[in-house]
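File shown here: start.pdb, holding PDB, C-alpha atoms and all ligand atoms.
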ATOM      1  CA  MET A   1      63.003  -6.563 -10.548  1.00  0.00           C
ATOM      2  CA  ARG A   2      59.784  -8.488 -10.466  1.00  0.00           C
ATOM      3  CA  ILE A   3      59.352 -12.216 -10.239  1.00  0.00           C
ATOM      4  CA  TYR A   4      56.315 -12.216 -12.472  1.00  0.00           C
ATOM      5  CA  THR A   5      57.005 -11.092 -15.988  1.00  0.00           C
ATOM      6  CA  LYS A   6      53.712 -12.154 -17.505  1.00  0.00           C
ATOM      7  CA  ARG A   7      50.384 -10.559 -16.799  1.00  0.00           C
ATOM      8  CA  ASP A   8      48.587 -13.410 -15.224  1.00  0.00           C
ATOM      9  CA  TRP A   9      46.385 -14.232 -12.302  1.00  0.00           C
ATOM     10  CA  ARG A  10      49.200 -13.435  -9.914  1.00  0.00           C
ATOM     11  CA  GLU A  11      49.127  -9.845 -11.072  1.00  0.00           C
ATOM     12  CA  THR A  12      45.365  -9.789 -10.815  1.00  0.00           C
ATOM     13  CA  PHE A  13      45.834 -10.967  -7.271  1.00  0.00           C
ATOM     14  CA  PHE A  14      48.029  -8.014  -6.317  1.00  0.00           C
ATOM     15  CA  ARG A  15      45.676  -5.528  -7.940  1.00  0.00           C
ATOM     16  CA  ARG A  16      42.787  -6.899  -5.913  1.00  0.00           C
ATOM     17  CA  ALA A  17      44.340  -7.219  -2.471  1.00  0.00           C
ATOM     18  CA  VAL A  18      43.668  -4.126  -0.379  1.00  0.00           C
ATOM     19  CA  ILE A  19      45.745  -3.846   2.776  1.00  0.00           C
ATOM     20  CA  VAL A  20      43.823  -2.735   5.836  1.00  0.00           C
ATOM     21  CA  GLU A  21      45.412  -2.927   9.284  1.00  0.00           C
ATOM     22  CA  GLY A  22      47.615  -5.822   8.301  1.00  0.00           C
ATOM     23  CA  CYS A  23      44.913  -7.820   6.541  1.00  0.00           C
ATOM     24  CA  TRP A  24      44.746  -7.962   2.764  1.00  0.00           C
ATOM     25  CA  LEU A  25      41.070  -7.548   2.101  1.00  0.00           C
ATOM     26  CA  TRP A  26      39.828  -8.903  -1.174  1.00  0.00           C
ATOM     27  CA  ASP A  27      38.470  -6.221  -3.480  1.00  0.00           C
ATOM     28  CA  GLY A  28      36.610  -8.594  -5.755  1.00  0.00           C
ATOM     29  CA  ALA A  29      33.979 -11.288  -5.736  1.00  0.00           C
ATOM     30  CA  HIS A  30      33.311 -13.147  -2.484  1.00  0.00           C
ATOM     31  CA  THR A  31      31.620 -16.418  -1.694  1.00  0.00           C
ATOM     32  CA  THR A  32      28.678 -16.405   0.698  1.00  0.00           C
ATOM     33  CA  ASN A  33      31.163 -17.519   3.385  1.00  0.00           C
ATOM     34  CA  GLY A  34      33.196 -14.362   2.894  1.00  0.00           C
ATOM     35  CA  TYR A  35      36.116 -15.920   1.040  1.00  0.00           C
ATOM     36  CA  GLY A  36      37.558 -13.922  -1.836  1.00  0.00           C
ATOM     37  CA  GLU A  37      37.314 -15.395  -5.306  1.00  0.00           C
ATOM     38  CA  LEU A  38      39.851 -14.906  -8.081  1.00  0.00           C
ATOM     39  CA  PHE A  39      39.027 -15.906 -11.649  1.00  0.00           C
ATOM     40  CA  THR A  40      42.161 -16.913 -13.527  1.00  0.00           C
ATOM     41  CA  GLY A  41      40.569 -17.013 -16.952  1.00  0.00           C
ATOM     42  CA  LYS A  42      40.143 -20.767 -16.696  1.00  0.00           C
ATOM     43  CA  ARG A  43      39.093 -21.499 -13.166  1.00  0.00           C
ATOM     44  CA  THR A  44      38.052 -19.764  -9.976  1.00  0.00           C
ATOM     45  CA  LEU A  45      40.415 -19.847  -7.015  1.00  0.00           C
ATOM     46  CA  TYR A  46      39.836 -18.856  -3.444  1.00  0.00           C
ATOM     47  CA  ALA A  47      41.837 -15.655  -3.043  1.00  0.00           C
ATOM     48  CA  HIS A  48      43.511 -16.816   0.165  1.00  0.00           C
ATOM     49  CA  ARG A  49      44.527 -20.093  -1.482  1.00  0.00           C
ATOM     50  CA  ALA A  50      45.826 -18.173  -4.504  1.00  0.00           C
ATOM     51  CA  SER A  51      47.859 -16.052  -2.104  1.00  0.00           C
ATOM     52  CA  TYR A  52      49.271 -19.104  -0.401  1.00  0.00           C
ATOM     53  CA  GLU A  53      50.333 -20.561  -3.751  1.00  0.00           C
ATOM     54  CA  ILE A  54      51.932 -17.322  -4.874  1.00  0.00           C
ATOM     55  CA  HIS A  55      53.990 -16.901  -1.736  1.00  0.00           C
ATOM     56  CA  PHE A  56      54.648 -20.402  -0.461  1.00  0.00           C
ATOM     57  CA  GLY A  57      54.099 -22.729  -3.391  1.00  0.00           C
ATOM     58  CA  PRO A  58      51.536 -25.402  -4.205  1.00  0.00           C
ATOM     59  CA  ILE A  59      49.061 -26.451  -1.543  1.00  0.00           C
ATOM     60  CA  PRO A  60      49.372 -30.156  -0.744  1.00  0.00           C
ATOM     61  CA  GLU A  61      46.401 -32.230  -1.796  1.00  0.00           C
ATOM     62  CA  GLY A  62      43.603 -32.227   0.752  1.00  0.00           C
ATOM     63  CA  MET A  63      45.098 -29.490   2.928  1.00  0.00           C
ATOM     64  CA  HIS A  64      43.228 -26.405   3.994  1.00  0.00           C
ATOM     65  CA  VAL A  65      44.617 -22.897   4.032  1.00  0.00           C
ATOM     66  CA  CYS A  66      43.527 -21.440   7.372  1.00  0.00           C
ATOM     67  CA  HIS A  67      43.521 -17.890   8.712  1.00  0.00           C
ATOM     68  CA  LYS A  68      45.421 -16.735  11.792  1.00  0.00           C
ATOM     69  CA  CYS A  69      43.261 -13.654  11.701  1.00  0.00           C
ATOM     70  CA  ASP A  70      39.511 -14.149  11.810  1.00  0.00           C
ATOM     71  CA  ASN A  71      38.980 -12.665   8.417  1.00  0.00           C
ATOM     72  CA  PRO A  72      37.949 -15.117   5.686  1.00  0.00           C
ATOM     73  CA  GLY A  73      38.332 -12.368   3.079  1.00  0.00           C
ATOM     74  CA  CYS A  74      41.951 -11.792   4.097  1.00  0.00           C
ATOM     75  CA  CYS A  75      44.691 -13.052   1.807  1.00  0.00           C
ATOM     76  CA  ASN A  76      47.768 -11.735   3.613  1.00  0.00           C
ATOM     77  CA  PRO A  77      50.206 -14.648   3.271  1.00  0.00           C
ATOM     78  CA  THR A  78      51.546 -14.028   6.770  1.00  0.00           C
ATOM     79  CA  HIS A  79      48.038 -14.582   8.149  1.00  0.00           C
ATOM     80  CA  LEU A  80      47.681 -17.948   6.418  1.00  0.00           C
ATOM     81  CA  PHE A  81      48.781 -21.393   7.487  1.00  0.00           C
ATOM     82  CA  LEU A  82      48.274 -24.906   6.234  1.00  0.00           C
ATOM     83  CA  GLY A  83      46.039 -27.189   8.226  1.00  0.00           C
ATOM     84  CA  THR A  84      44.267 -30.469   7.878  1.00  0.00           C
ATOM     85  CA  PRO A  85      40.473 -30.335   7.767  1.00  0.00           C
ATOM     86  CA  ALA A  86      40.537 -31.326  11.460  1.00  0.00           C
ATOM     87  CA  ASP A  87      42.998 -28.547  12.302  1.00  0.00           C
ATOM     88  CA  ASN A  88      40.738 -26.133  10.555  1.00  0.00           C
ATOM     89  CA  ALA A  89      37.725 -27.193  12.608  1.00  0.00           C
ATOM     90  CA  ASN A  90      39.724 -27.111  15.866  1.00  0.00           C
ATOM     91  CA  ASP A  91      41.134 -23.730  15.029  1.00  0.00           C
ATOM     92  CA  LYS A  92      37.685 -22.311  14.399  1.00  0.00           C
ATOM     93  CA  ALA A  93      36.464 -23.748  17.693  1.00  0.00           C
ATOM     94  CA  ARG A  94      39.451 -22.373  19.569  1.00  0.00           C
ATOM     95  CA  LYS A  95      39.043 -18.929  18.049  1.00  0.00           C
ATOM     96  CA  GLY A  96      35.403 -18.997  18.995  1.00  0.00           C
ATOM     97  CA  ARG A  97      36.462 -19.420  22.640  1.00  0.00           C
ATOM     98  CA  THR A  98      39.386 -17.062  22.859  1.00  0.00           C
ATOM     99  CA  ASN A  99      38.867 -14.693  19.947  1.00  0.00           C
ATOM    100  CA  ALA A 100      42.600 -14.065  20.022  1.00  0.00           C
ATOM    101  CA  PRO A 101      44.779 -13.954  16.955  1.00  0.00           C
ATOM    102  CA  ARG A 102      47.206 -16.824  16.775  1.00  0.00           C
ATOM    103  CA  GLY A 103      50.877 -16.022  16.876  1.00  0.00           C
ATOM    104  CA  ASN A 104      51.277 -12.311  16.458  1.00  0.00           C
ATOM    105  CA  GLY A 105      50.928 -10.110  19.476  1.00  0.00           C
ATOM    106  CA  ASN A 106      49.570  -6.609  19.264  1.00  0.00           C
ATOM    107  CA  GLY A 107      51.732  -3.641  18.413  1.00  0.00           C
ATOM    108  CA  ARG A 108      54.923  -5.541  17.897  1.00  0.00           C
ATOM    109  CA  SER A 109      57.913  -3.652  16.632  1.00  0.00           C
ATOM    110  CA  LYS A 110      59.920  -6.514  15.209  1.00  0.00           C
ATOM    111  CA  ILE A 111      59.746  -8.868  12.283  1.00  0.00           C
ATOM    112  CA  ARG A 112      60.187 -12.403  13.484  1.00  0.00           C
ATOM    113  CA  ASP A 113      62.744 -14.673  11.874  1.00  0.00           C
ATOM    114  CA  GLU A 114      60.010 -16.999  10.693  1.00  0.00           C
ATOM    115  CA  ASP A 115      58.444 -14.118   8.774  1.00  0.00           C
ATOM    116  CA  LEU A 116      61.598 -13.390   6.818  1.00  0.00           C
ATOM    117  CA  PRO A 117      60.988 -15.688   3.844  1.00  0.00           C
ATOM    118  CA  ALA A 118      57.546 -14.143   3.365  1.00  0.00           C
ATOM    119  CA  LEU A 119      59.054 -10.692   3.681  1.00  0.00           C
ATOM    120  CA  LEU A 120      61.609 -11.445   0.991  1.00  0.00           C
ATOM    121  CA  ARG A 121      58.956 -12.850  -1.304  1.00  0.00           C
ATOM    122  CA  LEU A 122      56.829  -9.740  -0.918  1.00  0.00           C
ATOM    123  CA  ARG A 123      59.831  -7.570  -1.647  1.00  0.00           C
ATOM    124  CA  ALA A 124      60.681  -9.661  -4.711  1.00  0.00           C
ATOM    125  CA  ALA A 125      57.065  -9.353  -5.843  1.00  0.00           C
ATOM    126  CA  GLY A 126      57.519  -5.595  -5.951  1.00  0.00           C
ATOM    127  CA  LEU A 127      55.730  -4.401  -2.812  1.00  0.00           C
ATOM    128  CA  SER A 128      57.084  -1.212  -1.286  1.00  0.00           C
ATOM    129  CA  GLN A 129      58.708  -1.233   2.128  1.00  0.00           C
ATOM    130  CA  ARG A 130      55.777   0.784   3.436  1.00  0.00           C
ATOM    131  CA  LEU A 131      53.249  -1.816   2.261  1.00  0.00           C
ATOM    132  CA  ILE A 132      55.370  -4.647   3.600  1.00  0.00           C
ATOM    133  CA  GLY A 133      55.485  -2.811   6.911  1.00  0.00           C
ATOM    134  CA  GLU A 134      51.682  -2.717   6.933  1.00  0.00           C
ATOM    135  CA  VAL A 135      51.570  -6.428   6.273  1.00  0.00           C
ATOM    136  CA  PHE A 136      53.747  -7.201   9.282  1.00  0.00           C
ATOM    137  CA  GLY A 137      52.449  -4.384  11.460  1.00  0.00           C
ATOM    138  CA  VAL A 138      55.796  -2.620  11.691  1.00  0.00           C
ATOM    139  CA  LYS A 139      57.289   0.647  10.500  1.00  0.00           C
ATOM    140  CA  LYS A 140      58.819   0.877   7.072  1.00  0.00           C
ATOM    141  CA  GLN A 141      62.161   1.638   8.747  1.00  0.00           C
ATOM    142  CA  THR A 142      61.965  -1.748  10.432  1.00  0.00           C
ATOM    143  CA  VAL A 143      61.422  -3.375   7.046  1.00  0.00           C
ATOM    144  CA  ALA A 144      64.340  -1.455   5.577  1.00  0.00           C
ATOM    145  CA  TYR A 145      66.551  -2.537   8.461  1.00  0.00           C
ATOM    146  CA  ARG A 146      65.534  -6.170   8.075  1.00  0.00           C
ATOM    147  CA  LEU A 147      66.149  -6.084   4.332  1.00  0.00           C
ATOM    148  CA  ARG A 148      69.630  -4.692   4.941  1.00  0.00           C
ATOM    149  CA  THR A 149      70.583  -7.174   7.604  1.00  0.00           C
ATOM    150  CA  VAL A 150      68.827 -10.308   6.422  1.00  0.00           C
ATOM    151  CA  SER A 151      70.777 -13.373   5.484  1.00  0.00           C
ATOM    152  CA  LEU A 152      68.909 -15.628   3.157  1.00  0.00           C
ATOM    153  CA  PRO A 153      67.736 -18.935   4.564  1.00  0.00           C
ATOM    154  CA  SER A 154      69.452 -21.872   2.962  1.00  0.00           C
ATOM    155  CA  SER A 155      66.179 -23.409   1.885  1.00  0.00           C
ATOM    156  CA  ASP A 156      62.618 -22.311   1.322  1.00  0.00           C
ATOM    157  CA  GLU A 157      61.327 -25.746   2.109  1.00  0.00           C
ATOM    158  CA  GLY A 158      59.551 -26.426   5.329  1.00  0.00           C
ATOM    159  CA  THR A 159      56.245 -26.063   7.034  1.00  0.00           C
ATOM    160  CA  TRP A 160      54.502 -22.779   7.344  1.00  0.00           C
ATOM    161  CA  GLY A 161      52.265 -21.269   9.943  1.00  0.00           C
TER     162      GLY A 161
HETATM  163 ZN    ZN B   1      44.341 -11.210   7.967  1.00  0.00          ZN
END

structure tokens encoding of this file:
Amino acid sequence: MRIYTKRDWRETFFRRAVIVEGCWLWDGAHTTNGYGELFTGKRTLYAHRASYEIHFGPIPEGMHVCHKCDNPGCCNPTHLFLGTPADNANDKARKGRTNAPRGNGNGRSKIRDEDLPALLRLRAAGLSQRLIGEVFGVKKQTVAYRLRTVSLPSSDEGTWG
């Protein structure tokens, strides 16, 4: 079953996101800053902001959607987090010093509890277990195991990233 029954910009989004080593690279127009652009038929969205809205809901007024990875063209929801404009600037400065991805370590074999809501959304959106595994950097068997053993969180509300 799919969440999205209409052909709309959300479907366009999933046709245009190409998964490479955990990042969803935008296979469409880009701004000069490297951000993906998605035309909805009425307006143009940043692809990473469109992704955030699809997976986590509306972006609060004035907030930025920042990247944990250093890839402005990436729209993997698990690589995105909300930040204030100041957070965004600090994050960029910090990444410039350390060049280390925030949060995820390399070569992990587990899906963290905080990733579960995103995992369930991706599954509900129709992604295969293999693709979901690529998103989280784990084997498809790990995804299958998590989907079997997961208990749904009581609420989707909360802060992300
Ligand atoms: Zn990424």

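Every residue having at least one atom no farther than 7 Å from ligand ZN 1 (chain B) is included below, with all atoms listed in the file taken into account: Gly22, Cys23, Trp24, His67, Lys68, Cys69, Asp70, Asn71, Cys74, Cys75, Asn76 and His79 of chain A.
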
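Across the model, the gap from CA of His30 (chain A) to CA of Gly62 (chain A) is 21.9 Å.
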
Nearby residues, (36.6, -15.9, -4.9) file frame, 9 Å, all atoms listed in the file, as a VMD selection string: chain A and resid 26 28 to 31 34 to 39 44 to 48 73

Neighbour list for Arg123 (chain A) as a ChimeraX atom specification, cut-off 12 Å, all atoms listed in the file, skip fewer than 3 positions in-chain: /A:1-3,55,116-120,126-133,135,143-144,146-147

Output check: residues returned by the PyMOL selection byres (((chain A and resi 82-88) around 9) and not hetatm), as a PyMOL selection string: chain A and resi 52+59-60+62-67+80-81+89-93+159-161

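The coordinates place CA of Trp9 (chain A) at 10.3 Å from CA of Arg43 (chain A).
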